[in-house]
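> Handing over target_3.cif, mmCIF, C-alpha atoms and all ligand atoms.
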data_run
loop_
_atom_site.label_atom_id
_atom_site.label_comp_id
_atom_site.auth_asym_id
_atom_site.auth_seq_id
_atom_site.Cartn_x
_atom_site.Cartn_y
_atom_site.Cartn_z
CA MET V 7 0.00 0.00 0.00
CA MET V 8 2.84 2.32 0.86
CA GLU V 9 4.49 1.73 -2.53
CA LEU V 10 1.24 2.50 -4.32
CA GLU V 11 0.96 5.78 -2.45
CA GLN V 12 4.50 6.66 -3.47
CA LEU V 13 3.66 5.87 -7.07
CA TYR V 14 0.61 8.13 -6.85
CA GLN V 15 2.74 10.88 -5.35
CA GLN V 16 5.14 10.55 -8.25
CA VAL V 17 2.33 10.82 -10.82
CA ILE V 18 1.03 13.96 -9.10
CA MET V 19 4.47 15.55 -8.89
CA ASP V 20 5.22 14.75 -12.55
CA HIS V 21 1.97 16.29 -13.75
CA ALA V 22 2.33 19.36 -11.51
CA ARG V 23 5.67 19.91 -13.21
CA THR V 24 4.88 19.04 -16.84
CA ARG V 25 1.35 20.54 -16.84
CA HIS V 26 -0.14 18.86 -19.91
CA GLY V 27 -2.54 21.14 -21.76
CA ALA V 28 -1.15 24.27 -20.14
CA GLY V 29 -1.18 27.23 -22.49
CA GLU V 30 -3.66 29.56 -24.03
CA LEU V 31 -5.94 28.13 -26.68
CA ALA V 32 -6.38 30.82 -29.37
CA ASP V 33 -9.23 29.11 -31.24
CA PHE V 34 -11.94 28.13 -28.76
CA ASP V 35 -15.71 27.86 -28.30
CA GLY V 36 -16.10 28.21 -24.55
CA GLU V 37 -14.16 29.51 -21.60
CA SER V 38 -14.43 29.34 -17.82
CA PHE V 39 -12.55 31.04 -15.04
CA GLN V 40 -12.58 29.36 -11.63
CA VAL V 41 -10.97 30.17 -8.33
CA ASN V 42 -10.58 28.16 -5.19
CA PRO V 43 -10.38 30.89 -2.55
CA THR V 44 -9.54 28.52 0.31
CA CYS V 45 -6.22 27.65 -1.34
CA GLY V 46 -5.69 30.45 -3.85
CA ASP V 47 -5.76 28.23 -6.92
CA GLU V 48 -7.13 29.71 -10.12
CA VAL V 49 -7.56 28.63 -13.70
CA ARG V 50 -8.86 29.95 -16.98
CA LEU V 51 -9.74 27.05 -19.20
CA ARG V 52 -10.76 27.13 -22.84
CA VAL V 53 -12.31 24.36 -24.87
CA LYS V 54 -12.70 23.77 -28.59
CA LEU V 55 -15.46 21.39 -29.63
CA ALA V 56 -15.76 19.28 -32.77
CA TYR V 57 -18.98 17.92 -34.22
CA ASP V 58 -18.01 15.04 -36.50
CA HIS V 59 -20.20 12.16 -35.25
CA GLU V 60 -20.95 13.17 -31.71
CA PRO V 61 -19.86 16.43 -30.12
CA ARG V 62 -16.47 15.97 -28.57
CA VAL V 63 -13.66 17.93 -26.96
CA ALA V 64 -11.29 18.66 -29.84
CA ALA V 65 -8.85 20.57 -27.65
CA LEU V 66 -8.58 22.16 -24.27
CA GLY V 67 -6.05 24.57 -22.91
CA TRP V 68 -5.65 26.13 -19.51
CA VAL V 69 -3.72 28.87 -17.83
CA GLY V 70 -3.56 28.45 -14.10
CA GLN V 71 -1.64 28.86 -10.94
CA GLY V 72 -1.89 27.30 -7.53
CA CYS V 73 -0.90 24.31 -5.49
CA SER V 74 0.57 21.10 -6.93
CA ILE V 75 -2.71 19.24 -6.53
CA SER V 76 -4.71 21.77 -8.55
CA GLN V 77 -2.10 21.93 -11.30
CA ALA V 78 -1.60 18.16 -11.44
CA SER V 79 -5.35 17.60 -11.55
CA LEU V 80 -5.66 19.96 -14.53
CA SER V 81 -2.85 18.17 -16.34
CA LEU V 82 -4.33 14.74 -15.62
CA MET V 83 -7.79 15.92 -16.66
CA HIS V 84 -6.38 17.18 -19.94
CA ASP V 85 -4.92 13.77 -20.77
CA LEU V 86 -8.08 11.96 -19.69
CA THR V 87 -10.61 14.06 -21.58
CA ALA V 88 -8.99 15.51 -24.73
CA GLY V 89 -10.52 13.93 -27.83
CA HIS V 90 -13.40 12.31 -25.96
CA THR V 91 -17.10 12.88 -26.62
CA LEU V 92 -19.00 15.24 -24.35
CA ALA V 93 -21.00 12.28 -23.01
CA GLU V 94 -17.78 10.48 -22.05
CA VAL V 95 -16.34 13.64 -20.51
CA GLU V 96 -19.50 14.09 -18.43
CA ASP V 97 -19.27 10.48 -17.20
CA LEU V 98 -15.58 10.85 -16.38
CA GLY V 99 -16.32 14.06 -14.49
CA GLU V 100 -19.04 12.37 -12.47
CA LEU V 101 -16.71 9.49 -11.66
CA PHE V 102 -13.93 11.86 -10.66
CA ARG V 103 -16.27 13.85 -8.39
CA GLU V 104 -17.46 10.58 -6.86
CA MET V 105 -13.84 9.58 -6.18
CA MET V 106 -13.04 12.96 -4.60
CA HIS V 107 -16.02 12.57 -2.25
CA SER V 108 -15.14 8.97 -1.37
CA ARG V 109 -12.74 9.94 1.43
CA GLY V 110 -10.22 7.66 -0.26
CA ASP V 111 -12.36 4.52 -0.29
CA PHE V 112 -12.93 4.07 -4.03
CA PRO V 113 -13.24 0.71 -5.86
CA ASP V 114 -10.39 -0.25 -8.22
CA GLU V 115 -12.67 -1.02 -11.16
CA LYS V 116 -14.00 2.54 -11.08
CA ALA V 117 -10.54 4.00 -10.49
CA ASP V 118 -9.28 2.21 -13.63
CA ALA V 119 -11.66 4.24 -15.79
CA LEU V 120 -9.97 7.40 -14.54
CA GLU V 121 -6.55 6.17 -15.70
CA ASP V 122 -3.71 8.21 -14.17
CA ALA V 123 -6.16 10.72 -12.67
CA SER V 124 -6.97 8.00 -10.11
CA ALA V 125 -3.63 8.92 -8.51
CA LEU V 126 -5.55 11.75 -6.84
CA VAL V 127 -7.62 9.30 -4.78
CA GLY V 128 -5.43 9.95 -1.74
CA VAL V 129 -6.42 13.63 -1.82
CA ALA V 130 -10.00 12.60 -1.05
CA LYS V 131 -8.85 11.88 2.52
CA TYR V 132 -8.20 15.59 3.00
CA PRO V 133 -11.47 17.49 2.64
CA ALA V 134 -9.68 20.84 2.55
CA ARG V 135 -7.81 19.77 -0.61
CA VAL V 136 -10.72 18.24 -2.50
CA LYS V 137 -11.60 21.62 -4.02
CA CYS V 138 -8.05 21.90 -5.36
CA ALA V 139 -8.50 18.68 -7.31
CA LEU V 140 -12.00 19.62 -8.51
CA LEU V 141 -11.10 23.11 -9.74
CA GLY V 142 -10.16 22.03 -13.26
CA TRP V 143 -13.22 19.85 -13.63
CA MET V 144 -15.47 22.75 -12.63
CA ALA V 145 -13.75 24.89 -15.25
CA LEU V 146 -14.13 22.20 -17.90
CA ARG V 147 -17.83 21.82 -17.20
CA GLY V 148 -18.28 25.59 -17.29
CA ALA V 149 -16.36 25.97 -20.54
CA ILE V 150 -18.33 23.18 -22.24
CA ALA V 151 -21.62 24.71 -21.05
CA GLN V 152 -20.59 28.04 -22.51
CA ALA V 153 -19.53 26.42 -25.79
CA LEU V 154 -22.88 24.65 -26.11
CA ALA V 155 -24.74 27.89 -25.42
CA GLN V 156 -23.10 29.56 -28.42
CA PRO V 157 -25.11 29.60 -31.62
CA THR V 158 -23.36 27.21 -34.03
CA GLU V 159 -22.06 28.95 -37.10
CA GLU V 160 -22.93 27.17 -40.31
CA SER V 161 -20.29 28.80 -42.43
ZN ZN Q 1 -4.94 24.09 -3.92
#
Is it possible to give me this structure as structure tokens?

Amino acid sequence: MMELEQLYQQVIMDHARTRHGAGELADFDGESFQVNPTCGDEVRLRVKLAYDHEPRVAALGWVGQGCSISQASLSLMHDLTAGHTLAEVEDLGELFREMMHSRGDFPDEKADALEDASALVGVAKYPARVKCALLGWMALRGAIAQALAQPTEES
């Protein structure tokens, strides 16, 4: 169990450092700015949708600052959701929120669906940090909602 926790720590540290998806997306459909006042984390996330078969997340980019957990969670979320359909992204978001409210007791078969983002399961034991991990997911949901509210241009 200890080794697994160390592995999870490593995943979180790596993502906090490499920050996948970090950077401003110039071409986007929706945007959301979120802050976590209890920790000081903030993020501005932009999403570009594509409508080939089903609507999906074609690209997402974020500019943020804050604690390692918030930054790692954004990076992990980017890898987990980019390219997926909106229905899949919604399901993944629900699963992630469920994990973060599990207080660390989350079944493996569900954790597998979250891929590397399941490394954040340990954070669920610290209620004060849960909002750090959820910040990016709130921003993603907000940005998608804004994108869907835009009139689609048939040009
Ligand atoms: Zn934080």
> With only C-alpha atoms and all ligand atoms as the basis for distance, which of V:Leu98, V:Leu55, V:Ala117, V:Leu141 is at the shortest distance from ligand ZN 1 (chain Q)?
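Going through V:Leu98, V:Leu55, V:Ala117, V:Leu141 one by one, the smallest distance to ligand ZN 1 (chain Q) is for V:Leu141.
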> Please, which residues have at least one atom within 12 Å of an atom of ligand ZN 1 (chain Q), using only C-alpha atoms and all ligand atoms, listed as a VMD selection string?
chain V and resid 22 41 to 49 70 to 80 129 132 to 142
> What does the distance from atom CA of V:Asp122 to atom CA of V:Leu82 come to in Å, to one decimal?
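Between these atoms lies a distance of 6.7 Å.
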> So, with only C-alpha atoms as the atoms that count, which of V:Met19, V:Glu104, V:Thr91, V:Val53 lies closest to V:Ala151?
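Of V:Met19, V:Glu104, V:Thr91, V:Val53, the one nearest V:Ala151 is V:Val53, counting only C-alpha atoms.
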> Could you list as a ChimeraX atom specification every residue that has an atom within 10 Å of (-11.6, 6.1, -13.7), using the file's coordinates and counting only C-alpha atoms?
/V:86,97-102,105,112-125
> For V:Gln156, which of V:Lys54, V:His21, V:Arg103, V:His26 is the closest residue, counting only C-alpha atoms?
V:Lys54
> Quick one, how far is atom CA of V:Leu146 from atom CA of V:Pro61?
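Calculated distance between atom CA of V:Leu146 and atom CA of V:Pro61 is 14.7 Å.
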> Quick check, in Å to one decimal: how far apart do atom CA of V:His84 and atom CA of V:Leu66 lie?
7.0 Å
> Using only C-alpha atoms for the distances, tell me which of V:Leu51, V:Val127, V:Ala155, V:Ala88 is nearest to V:Glu37.
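Going through V:Leu51, V:Val127, V:Ala155, V:Ala88 one by one, the smallest distance to V:Glu37 is for V:Leu51.
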> Using all atoms listed in the file for the distances, tell me which of V:Trp143, V:Gly36, V:Gln12, V:Gly67 is nearest to V:Met83.
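Looking only at the distances to V:Met83, the closest residue turns out to be V:Trp143.
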> List every protein, DNA or RNA residue that has at least one atom no more than 10 Å from (-4.0, 29.9, -28.0) in the file's coordinates, counting only C-alpha atoms, and write the result as a list in words.
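The residues that fall inside the cut-off are Gly29, Glu30, Leu31, Ala32, Asp33, Phe34, Arg52, Leu66, Gly67 and Trp68 of chain V.
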> Restore all heavy atoms in stretch 58-69 of chain V and list the result as a PDB file, in the coordinates of the input.

ATOM      1  N   ASP V  58     -18.058  15.952 -35.360  1.00  0.00           N
ATOM      2  CA  ASP V  58     -18.010  15.040 -36.500  1.00  0.00           C
ATOM      3  C   ASP V  58     -19.128  13.995 -36.432  1.00  0.00           C
ATOM      4  O   ASP V  58     -20.033  14.004 -37.240  1.00  0.00           O
ATOM      5  CB  ASP V  58     -16.635  14.390 -36.670  1.00  0.00           C
ATOM      6  CG  ASP V  58     -15.781  14.495 -35.432  1.00  0.00           C
ATOM      7  OD1 ASP V  58     -15.142  15.541 -35.237  1.00  0.00           O
ATOM      8  OD2 ASP V  58     -15.775  13.542 -34.636  1.00  0.00           O
ATOM      9  N   HIS V  59     -19.088  13.110 -35.433  1.00  0.00           N
ATOM     10  CA  HIS V  59     -20.200  12.160 -35.250  1.00  0.00           C
ATOM     11  C   HIS V  59     -21.009  12.613 -34.055  1.00  0.00           C
ATOM     12  O   HIS V  59     -22.178  12.931 -34.156  1.00  0.00           O
ATOM     13  CB  HIS V  59     -19.651  10.747 -35.051  1.00  0.00           C
ATOM     14  CG  HIS V  59     -18.874  10.258 -36.233  1.00  0.00           C
ATOM     15  ND1 HIS V  59     -19.456   9.960 -37.428  1.00  0.00           N
ATOM     16  CD2 HIS V  59     -17.549  10.043 -36.405  1.00  0.00           C
ATOM     17  CE1 HIS V  59     -18.526   9.574 -38.296  1.00  0.00           C
ATOM     18  NE2 HIS V  59     -17.359   9.616 -37.688  1.00  0.00           N
ATOM     19  N   GLU V  60     -20.352  12.646 -32.924  1.00  0.00           N
ATOM     20  CA  GLU V  60     -20.950  13.170 -31.710  1.00  0.00           C
ATOM     21  C   GLU V  60     -20.104  14.365 -31.302  1.00  0.00           C
ATOM     22  O   GLU V  60     -18.917  14.405 -31.603  1.00  0.00           O
ATOM     23  CB  GLU V  60     -20.856  12.134 -30.584  1.00  0.00           C
ATOM     24  CG  GLU V  60     -21.790  10.977 -30.707  1.00  0.00           C
ATOM     25  CD  GLU V  60     -21.604  10.049 -29.512  1.00  0.00           C
ATOM     26  OE1 GLU V  60     -22.030  10.400 -28.405  1.00  0.00           O
ATOM     27  OE2 GLU V  60     -20.993   8.988 -29.693  1.00  0.00           O
ATOM     28  N   PRO V  61     -20.698  15.321 -30.587  1.00  0.00           N
ATOM     29  CA  PRO V  61     -19.860  16.430 -30.120  1.00  0.00           C
ATOM     30  C   PRO V  61     -18.765  15.920 -29.188  1.00  0.00           C
ATOM     31  O   PRO V  61     -19.026  15.077 -28.326  1.00  0.00           O
ATOM     32  CB  PRO V  61     -20.852  17.356 -29.398  1.00  0.00           C
ATOM     33  CG  PRO V  61     -22.085  16.565 -29.175  1.00  0.00           C
ATOM     34  CD  PRO V  61     -22.106  15.473 -30.191  1.00  0.00           C
ATOM     35  N   ARG V  62     -17.574  16.398 -29.416  1.00  0.00           N
ATOM     36  CA  ARG V  62     -16.470  15.970 -28.570  1.00  0.00           C
ATOM     37  C   ARG V  62     -15.543  17.144 -28.289  1.00  0.00           C
ATOM     38  O   ARG V  62     -15.611  18.184 -28.959  1.00  0.00           O
ATOM     39  CB  ARG V  62     -15.710  14.817 -29.225  1.00  0.00           C
ATOM     40  CG  ARG V  62     -15.042  15.185 -30.515  1.00  0.00           C
ATOM     41  CD  ARG V  62     -14.348  13.988 -31.181  1.00  0.00           C
ATOM     42  NE  ARG V  62     -13.875  14.364 -32.502  1.00  0.00           N
ATOM     43  CZ  ARG V  62     -12.703  14.984 -32.726  1.00  0.00           C
ATOM     44  NH1 ARG V  62     -11.888  15.252 -31.731  1.00  0.00           N
ATOM     45  NH2 ARG V  62     -12.361  15.337 -33.953  1.00  0.00           N
ATOM     46  N   VAL V  63     -14.666  16.941 -27.319  1.00  0.00           N
ATOM     47  CA  VAL V  63     -13.660  17.930 -26.960  1.00  0.00           C
ATOM     48  C   VAL V  63     -12.499  17.780 -27.943  1.00  0.00           C
ATOM     49  O   VAL V  63     -11.749  16.819 -27.861  1.00  0.00           O
ATOM     50  CB  VAL V  63     -13.184  17.738 -25.504  1.00  0.00           C
ATOM     51  CG1 VAL V  63     -12.027  18.673 -25.192  1.00  0.00           C
ATOM     52  CG2 VAL V  63     -14.330  17.961 -24.529  1.00  0.00           C
ATOM     53  N   ALA V  64     -12.389  18.731 -28.872  1.00  0.00           N
ATOM     54  CA  ALA V  64     -11.290  18.660 -29.840  1.00  0.00           C
ATOM     55  C   ALA V  64      -9.988  19.091 -29.194  1.00  0.00           C
ATOM     56  O   ALA V  64      -8.929  18.524 -29.470  1.00  0.00           O
ATOM     57  CB  ALA V  64     -11.605  19.544 -31.048  1.00  0.00           C
ATOM     58  N   ALA V  65     -10.056  20.087 -28.335  1.00  0.00           N
ATOM     59  CA  ALA V  65      -8.850  20.570 -27.650  1.00  0.00           C
ATOM     60  C   ALA V  65      -9.256  21.336 -26.413  1.00  0.00           C
ATOM     61  O   ALA V  65     -10.343  21.915 -26.346  1.00  0.00           O
ATOM     62  CB  ALA V  65      -8.052  21.481 -28.580  1.00  0.00           C
ATOM     63  N   LEU V  66      -8.388  21.287 -25.416  1.00  0.00           N
ATOM     64  CA  LEU V  66      -8.580  22.160 -24.270  1.00  0.00           C
ATOM     65  C   LEU V  66      -7.238  22.697 -23.820  1.00  0.00           C
ATOM     66  O   LEU V  66      -6.217  22.029 -23.953  1.00  0.00           O
ATOM     67  CB  LEU V  66      -9.320  21.455 -23.110  1.00  0.00           C
ATOM     68  CG  LEU V  66      -8.670  20.297 -22.401  1.00  0.00           C
ATOM     69  CD1 LEU V  66      -8.497  20.625 -20.926  1.00  0.00           C
ATOM     70  CD2 LEU V  66      -9.525  19.058 -22.505  1.00  0.00           C
ATOM     71  N   GLY V  67      -7.265  23.918 -23.363  1.00  0.00           N
ATOM     72  CA  GLY V  67      -6.050  24.570 -22.910  1.00  0.00           C
ATOM     73  C   GLY V  67      -6.344  25.368 -21.667  1.00  0.00           C
ATOM     74  O   GLY V  67      -7.457  25.882 -21.497  1.00  0.00           O
ATOM     75  N   TRP V  68      -5.396  25.435 -20.778  1.00  0.00           N
ATOM     76  CA  TRP V  68      -5.650  26.130 -19.510  1.00  0.00           C
ATOM     77  C   TRP V  68      -4.445  26.939 -19.076  1.00  0.00           C
ATOM     78  O   TRP V  68      -3.296  26.610 -19.375  1.00  0.00           O
ATOM     79  CB  TRP V  68      -6.052  25.131 -18.427  1.00  0.00           C
ATOM     80  CG  TRP V  68      -5.060  24.014 -18.202  1.00  0.00           C
ATOM     81  CD1 TRP V  68      -4.985  22.844 -18.903  1.00  0.00           C
ATOM     82  CD2 TRP V  68      -4.015  23.965 -17.233  1.00  0.00           C
ATOM     83  NE1 TRP V  68      -3.959  22.061 -18.419  1.00  0.00           N
ATOM     84  CE2 TRP V  68      -3.346  22.726 -17.385  1.00  0.00           C
ATOM     85  CE3 TRP V  68      -3.584  24.834 -16.221  1.00  0.00           C
ATOM     86  CZ2 TRP V  68      -2.274  22.342 -16.588  1.00  0.00           C
ATOM     87  CZ3 TRP V  68      -2.507  24.460 -15.426  1.00  0.00           C
ATOM     88  CH2 TRP V  68      -1.871  23.220 -15.616  1.00  0.00           C
ATOM     89  N   VAL V  69      -4.753  28.035 -18.428  1.00  0.00           N
ATOM     90  CA  VAL V  69      -3.720  28.870 -17.830  1.00  0.00           C
ATOM     91  C   VAL V  69      -4.077  28.973 -16.355  1.00  0.00           C
ATOM     92  O   VAL V  69      -5.163  29.450 -16.002  1.00  0.00           O
ATOM     93  CB  VAL V  69      -3.701  30.271 -18.475  1.00  0.00           C
ATOM     94  CG1 VAL V  69      -2.680  31.163 -17.778  1.00  0.00           C
ATOM     95  CG2 VAL V  69      -3.387  30.158 -19.968  1.00  0.00           C
TER      96      VAL V  69
END
